[in-house]
Amino acid sequence: MPDATFACPDLTTFCRLDELGLQVVGQRLEPDRAVLACRIAEADQWCRRCGCEGTARDSVLRRLAHEPLGWRPTTLEVTIRRYRCADCGHVWRQDTSRAAEPRARTSRRGLRWALEGIVCQHLTVARVAEGLGVSWNTANDAVLAEGRRVLIDDAQRFDGVKVLGVDEHVVRHEALLFRMEVKDLHGLVVVAAR
């Protein structure tokens, strides 16, 4: 008798792609990366201009770097359907905003992994880029933008903070670097660093 505490294996849930509105339909393991073929879970066949139902026209492939699984960079190959409205002729693609920002090369989970790696695990941008399987510049730009969105642009980041402490110290690696941190002494959390 199977153990009732286990569910059937589900790669979509394991890779946390259900949070992104994606569903895994195939996988390929290459020597240097894992590739997951995905499709968008929700249908998007209704015209955004006139509201009529569109017909599937063709599909395009979008590649996104995702959080690494098993110390191997993971690439999502998302098949995006394009539709054409029979009534007004408008052409549109399925909405991928849950999976990634427009024109982004990294999934939202990949961005979260990279930001947590740098802030919490003290990984370098080079290590994050290696884990995502992207260039250093791509990783750096993505982490800076996500950090700005999540940490700096959040107006409520100081809500509940009662006492702030400032700590200046010297970090010695190749050269002397001065670092200043502003900490929430109640929650013992760094709220800003420079």
# chains A, B, ... in the order shown; residues from 1 in each chain; ligands from 1
call {"tool": "select_by_dssp", "arguments": {"residues": "segment 23-152 of chain A", "states": "strand (DSSP E or B)", "output": "JSON list (two decimals) with C-alpha atoms, in the first residue's frame"}}
result
[["chain", "number", "residue", "atom", "x", "y", "z"],
["A", 23, "GLN", "CA", 3.53, 23.67, -16.67],
["A", 24, "VAL", "CA", 6.40, 21.32, -17.54],
["A", 25, "VAL", "CA", 5.75, 19.20, -20.62],
["A", 26, "GLY", "CA", 9.25, 17.79, -21.17],
["A", 27, "GLN", "CA", 12.81, 17.71, -19.90],
["A", 28, "ARG", "CA", 16.28, 17.32, -21.36],
["A", 29, "LEU", "CA", 19.47, 16.87, -19.37],
["A", 34, "ALA", "CA", 18.91, 21.06, -17.47],
["A", 35, "VAL", "CA", 16.32, 22.24, -19.98],
["A", 36, "LEU", "CA", 12.62, 22.16, -19.12],
["A", 37, "ALA", "CA", 10.07, 22.50, -21.91],
["A", 38, "CYS", "CA", 7.11, 24.46, -20.55],
["A", 39, "ARG", "CA", 3.79, 25.82, -21.65],
["A", 40, "ILE", "CA", 1.58, 28.46, -20.08],
["A", 46, "TRP", "CA", -9.89, 36.09, -25.78],
["A", 53, "GLU", "CA", -12.45, 34.45, -29.17],
["A", 54, "GLY", "CA", -9.26, 34.18, -31.20],
["A", 55, "THR", "CA", -7.82, 31.22, -33.02],
["A", 56, "ALA", "CA", -4.34, 29.85, -32.47],
["A", 57, "ARG", "CA", -2.05, 31.24, -35.15],
["A", 58, "ASP", "CA", 1.38, 29.86, -34.26],
["A", 59, "SER", "CA", 3.76, 29.70, -31.32],
["A", 60, "VAL", "CA", 7.08, 31.22, -30.31],
["A", 61, "LEU", "CA", 9.76, 29.97, -27.93],
["A", 62, "ARG", "CA", 11.07, 32.07, -25.03],
["A", 63, "ARG", "CA", 14.14, 30.93, -23.10],
["A", 64, "LEU", "CA", 14.44, 31.93, -19.44],
["A", 65, "ALA", "CA", 17.20, 31.21, -16.93],
["A", 66, "HIS", "CA", 15.65, 29.61, -13.84],
["A", 74, "THR", "CA", 18.22, 25.28, -15.50],
["A", 75, "THR", "CA", 16.76, 26.82, -18.62],
["A", 76, "LEU", "CA", 13.03, 27.10, -19.23],
["A", 77, "GLU", "CA", 11.95, 26.86, -22.86],
["A", 78, "VAL", "CA", 8.47, 28.34, -22.73],
["A", 79, "THR", "CA", 6.20, 27.80, -25.73],
["A", 80, "ILE", "CA", 3.98, 30.85, -26.10],
["A", 81, "ARG", "CA", 0.95, 30.64, -28.36],
["A", 82, "ARG", "CA", 0.01, 33.54, -30.60],
["A", 83, "TYR", "CA", -3.64, 34.15, -31.36],
["A", 84, "ARG", "CA", -5.49, 36.10, -34.03],
["A", 85, "CYS", "CA", -8.96, 37.54, -33.51],
["A", 91, "VAL", "CA", -2.81, 39.44, -32.91],
["A", 92, "TRP", "CA", -1.53, 38.78, -29.37],
["A", 93, "ARG", "CA", 0.60, 36.38, -27.36],
["A", 106, "THR", "CA", 15.56, 35.33, -16.09]]
call {"tool": "residues_around", "arguments": {"residues": "Val143 of chain A", "least_positions_apart": "5", "cutoff": "9 Å", "atoms": "only C-alpha atoms", "output": "list in words"}}
result
Leu111, Arg112, Ala114, Leu115, Ile118, Val125, Thr138 and Arg148 of chain A
call {"tool": "write_last_selection", "arguments": {"atoms": "N, CA and C atoms", "output": "PDB file, in the first residue's frame"}}
result
ATOM      1  N   LEU A 111      15.332  35.155 -10.444  1.00  0.00           N
ATOM      2  CA  LEU A 111      15.698  36.438  -9.834  1.00  0.00           C
ATOM      3  C   LEU A 111      15.703  36.342  -8.321  1.00  0.00           C
ATOM      4  N   ARG A 112      14.681  35.693  -7.764  1.00  0.00           N
ATOM      5  CA  ARG A 112      14.587  35.542  -6.308  1.00  0.00           C
ATOM      6  C   ARG A 112      15.779  34.737  -5.780  1.00  0.00           C
ATOM      7  N   ALA A 114      18.739  34.427  -7.167  1.00  0.00           N
ATOM      8  CA  ALA A 114      19.954  35.242  -7.298  1.00  0.00           C
ATOM      9  C   ALA A 114      20.044  36.290  -6.199  1.00  0.00           C
ATOM     10  N   LEU A 115      18.945  36.980  -5.920  1.00  0.00           N
ATOM     11  CA  LEU A 115      18.945  38.013  -4.888  1.00  0.00           C
ATOM     12  C   LEU A 115      19.198  37.410  -3.506  1.00  0.00           C
ATOM     13  N   ILE A 118      22.918  36.446  -3.149  1.00  0.00           N
ATOM     14  CA  ILE A 118      23.841  37.565  -2.899  1.00  0.00           C
ATOM     15  C   ILE A 118      23.624  38.157  -1.514  1.00  0.00           C
ATOM     16  N   VAL A 125      28.524  37.824  -7.688  1.00  0.00           N
ATOM     17  CA  VAL A 125      27.740  37.919  -8.913  1.00  0.00           C
ATOM     18  C   VAL A 125      28.229  36.874  -9.910  1.00  0.00           C
ATOM     19  N   THR A 138      24.445  40.162 -17.422  1.00  0.00           N
ATOM     20  CA  THR A 138      23.020  39.836 -17.342  1.00  0.00           C
ATOM     21  C   THR A 138      22.618  39.585 -15.894  1.00  0.00           C
ATOM     22  N   ARG A 148      16.488  46.562  -6.276  1.00  0.00           N
ATOM     23  CA  ARG A 148      15.876  47.886  -6.208  1.00  0.00           C
ATOM     24  C   ARG A 148      14.363  47.757  -6.036  1.00  0.00           C
TER      25      ARG A 148
END
call {"tool": "atom_distance", "arguments": {"atom1": "atom CA of Ala104 of chain A", "atom2": "atom CA of Arg49 of chain A"}}
result
25.4 Å
call {"tool": "atom_distance", "arguments": {"atom1": "atom CA of Gly110 of chain A", "atom2": "atom CA of Asp95 of chain A"}}
result
18.6 Å
call {"tool": "closest_residue", "arguments": {"among": "A:Ala99, A:Leu144, A:Cys50, A:Val119", "to": "Ala86 of chain A", "atoms": "only C-alpha atoms"}}
result
A:Cys50
call {"tool": "atom_distance", "arguments": {"atom1": "atom CA of Pro73 of chain A", "atom2": "atom CA of Ala41 of chain A"}}
result
23.2 Å
call {"tool": "select_by_dssp", "arguments": {"residues": "chain A", "states": "alpha helix (DSSP H)", "output": "NGL selection string"}}
result
:A and (11-14 or 108-119 or 125-132 or 136-147)
call {"tool": "write_last_selection", "arguments": {"atoms": "C-alpha atoms", "output": "mmCIF file, in the first residue's frame"}}
result
data_model
loop_
_atom_site.group_PDB
_atom_site.id
_atom_site.type_symbol
_atom_site.label_atom_id
_atom_site.label_comp_id
_atom_site.auth_asym_id
_atom_site.auth_seq_id
_atom_site.Cartn_x
_atom_site.Cartn_y
_atom_site.Cartn_z
ATOM 1 C CA LEU A 11 8.064 18.199 -11.929
ATOM 2 C CA THR A 12 5.995 21.385 -12.269
ATOM 3 C CA THR A 13 5.467 21.611 -8.501
ATOM 4 C CA PHE A 14 9.003 20.443 -7.655
ATOM 5 C CA ARG A 108 10.978 35.477 -11.379
ATOM 6 C CA ARG A 109 12.122 32.438 -9.343
ATOM 7 C CA GLY A 110 15.588 32.777 -10.869
ATOM 8 C CA LEU A 111 15.698 36.438 -9.834
ATOM 9 C CA ARG A 112 14.587 35.542 -6.308
ATOM 10 C CA TRP A 113 17.268 32.820 -6.080
ATOM 11 C CA ALA A 114 19.954 35.242 -7.298
ATOM 12 C CA LEU A 115 18.945 38.013 -4.888
ATOM 13 C CA GLU A 116 18.770 35.636 -1.918
ATOM 14 C CA GLY A 117 22.142 34.165 -2.923
ATOM 15 C CA ILE A 118 23.841 37.565 -2.899
ATOM 16 C CA VAL A 119 22.086 39.056 0.140
ATOM 17 C CA VAL A 125 27.740 37.919 -8.913
ATOM 18 C CA ALA A 126 30.075 35.576 -10.815
ATOM 19 C CA ARG A 127 28.770 32.575 -8.844
ATOM 20 C CA VAL A 128 25.159 33.670 -9.366
ATOM 21 C CA ALA A 129 25.794 34.084 -13.115
ATOM 22 C CA GLU A 130 27.339 30.609 -13.216
ATOM 23 C CA GLY A 131 24.365 29.136 -11.336
ATOM 24 C CA LEU A 132 21.884 30.751 -13.718
ATOM 25 C CA TRP A 136 28.019 38.329 -15.526
ATOM 26 C CA ASN A 137 26.428 41.503 -16.943
ATOM 27 C CA THR A 138 23.020 39.836 -17.342
ATOM 28 C CA ALA A 139 23.112 38.523 -13.759
ATOM 29 C CA ASN A 140 24.355 41.830 -12.334
ATOM 30 C CA ASP A 141 21.715 43.911 -14.143
ATOM 31 C CA ALA A 142 18.934 41.514 -13.125
ATOM 32 C CA VAL A 143 19.992 41.399 -9.459
ATOM 33 C CA LEU A 144 20.331 45.184 -9.241
ATOM 34 C CA ALA A 145 16.888 45.715 -10.770
ATOM 35 C CA GLU A 146 15.245 43.065 -8.551
ATOM 36 C CA GLY A 147 17.034 44.367 -5.441
#
call {"tool": "decode", "arguments": {"residues": "segment 108-173 of chain A", "atoms": "C-alpha atoms", "output": "JSON list (two decimals), in the first residue's frame"}}
result
[["chain", "number", "residue", "atom", "x", "y", "z"],
["A", 108, "ARG", "CA", 10.98, 35.48, -11.38],
["A", 109, "ARG", "CA", 12.12, 32.44, -9.34],
["A", 110, "GLY", "CA", 15.59, 32.78, -10.87],
["A", 111, "LEU", "CA", 15.70, 36.44, -9.83],
["A", 112, "ARG", "CA", 14.59, 35.54, -6.31],
["A", 113, "TRP", "CA", 17.27, 32.82, -6.08],
["A", 114, "ALA", "CA", 19.95, 35.24, -7.30],
["A", 115, "LEU", "CA", 18.95, 38.01, -4.89],
["A", 116, "GLU", "CA", 18.77, 35.64, -1.92],
["A", 117, "GLY", "CA", 22.14, 34.17, -2.92],
["A", 118, "ILE", "CA", 23.84, 37.56, -2.90],
["A", 119, "VAL", "CA", 22.09, 39.06, 0.14],
["A", 120, "CYS", "CA", 21.72, 36.01, 2.41],
["A", 121, "GLN", "CA", 24.36, 33.52, 1.26],
["A", 122, "HIS", "CA", 27.00, 36.14, 0.29],
["A", 123, "LEU", "CA", 27.52, 34.65, -3.18],
["A", 124, "THR", "CA", 29.39, 36.69, -5.74],
["A", 125, "VAL", "CA", 27.74, 37.92, -8.91],
["A", 126, "ALA", "CA", 30.08, 35.58, -10.82],
["A", 127, "ARG", "CA", 28.77, 32.58, -8.84],
["A", 128, "VAL", "CA", 25.16, 33.67, -9.37],
["A", 129, "ALA", "CA", 25.79, 34.08, -13.12],
["A", 130, "GLU", "CA", 27.34, 30.61, -13.22],
["A", 131, "GLY", "CA", 24.37, 29.14, -11.34],
["A", 132, "LEU", "CA", 21.88, 30.75, -13.72],
["A", 133, "GLY", "CA", 23.94, 29.99, -16.82],
["A", 134, "VAL", "CA", 24.01, 33.62, -17.97],
["A", 135, "SER", "CA", 26.72, 36.25, -18.44],
["A", 136, "TRP", "CA", 28.02, 38.33, -15.53],
["A", 137, "ASN", "CA", 26.43, 41.50, -16.94],
["A", 138, "THR", "CA", 23.02, 39.84, -17.34],
["A", 139, "ALA", "CA", 23.11, 38.52, -13.76],
["A", 140, "ASN", "CA", 24.36, 41.83, -12.33],
["A", 141, "ASP", "CA", 21.72, 43.91, -14.14],
["A", 142, "ALA", "CA", 18.93, 41.51, -13.13],
["A", 143, "VAL", "CA", 19.99, 41.40, -9.46],
["A", 144, "LEU", "CA", 20.33, 45.18, -9.24],
["A", 145, "ALA", "CA", 16.89, 45.72, -10.77],
["A", 146, "GLU", "CA", 15.24, 43.07, -8.55],
["A", 147, "GLY", "CA", 17.03, 44.37, -5.44],
["A", 148, "ARG", "CA", 15.88, 47.89, -6.21],
["A", 149, "ARG", "CA", 12.30, 46.66, -6.73],
["A", 150, "VAL", "CA", 12.13, 44.42, -3.66],
["A", 151, "LEU", "CA", 14.38, 46.21, -1.17],
["A", 152, "ILE", "CA", 14.63, 49.88, -2.03],
["A", 153, "ASP", "CA", 11.33, 50.73, -3.73],
["A", 154, "ASP", "CA", 9.32, 49.01, -0.98],
["A", 155, "ALA", "CA", 7.77, 51.88, 1.00],
["A", 156, "GLN", "CA", 6.87, 49.57, 3.90],
["A", 157, "ARG", "CA", 10.39, 48.20, 4.47],
["A", 158, "PHE", "CA", 10.75, 50.21, 7.69],
["A", 159, "ASP", "CA", 7.27, 49.41, 9.03],
["A", 160, "GLY", "CA", 7.58, 47.93, 12.51],
["A", 161, "VAL", "CA", 11.20, 49.07, 12.96],
["A", 162, "LYS", "CA", 11.65, 50.71, 16.36],
["A", 163, "VAL", "CA", 15.43, 51.09, 16.66],
["A", 164, "LEU", "CA", 18.09, 51.43, 13.94],
["A", 165, "GLY", "CA", 21.78, 50.80, 14.49],
["A", 166, "VAL", "CA", 24.65, 51.84, 12.24],
["A", 167, "ASP", "CA", 27.68, 49.59, 11.98],
["A", 168, "GLU", "CA", 30.80, 50.54, 10.06],
["A", 169, "HIS", "CA", 33.51, 47.97, 9.58],
["A", 170, "VAL", "CA", 36.40, 47.18, 7.28],
["A", 171, "VAL", "CA", 36.24, 44.11, 5.06],
["A", 172, "ARG", "CA", 39.62, 42.89, 3.90],
["A", 173, "HIS", "CA", 39.90, 40.73, 0.82]]
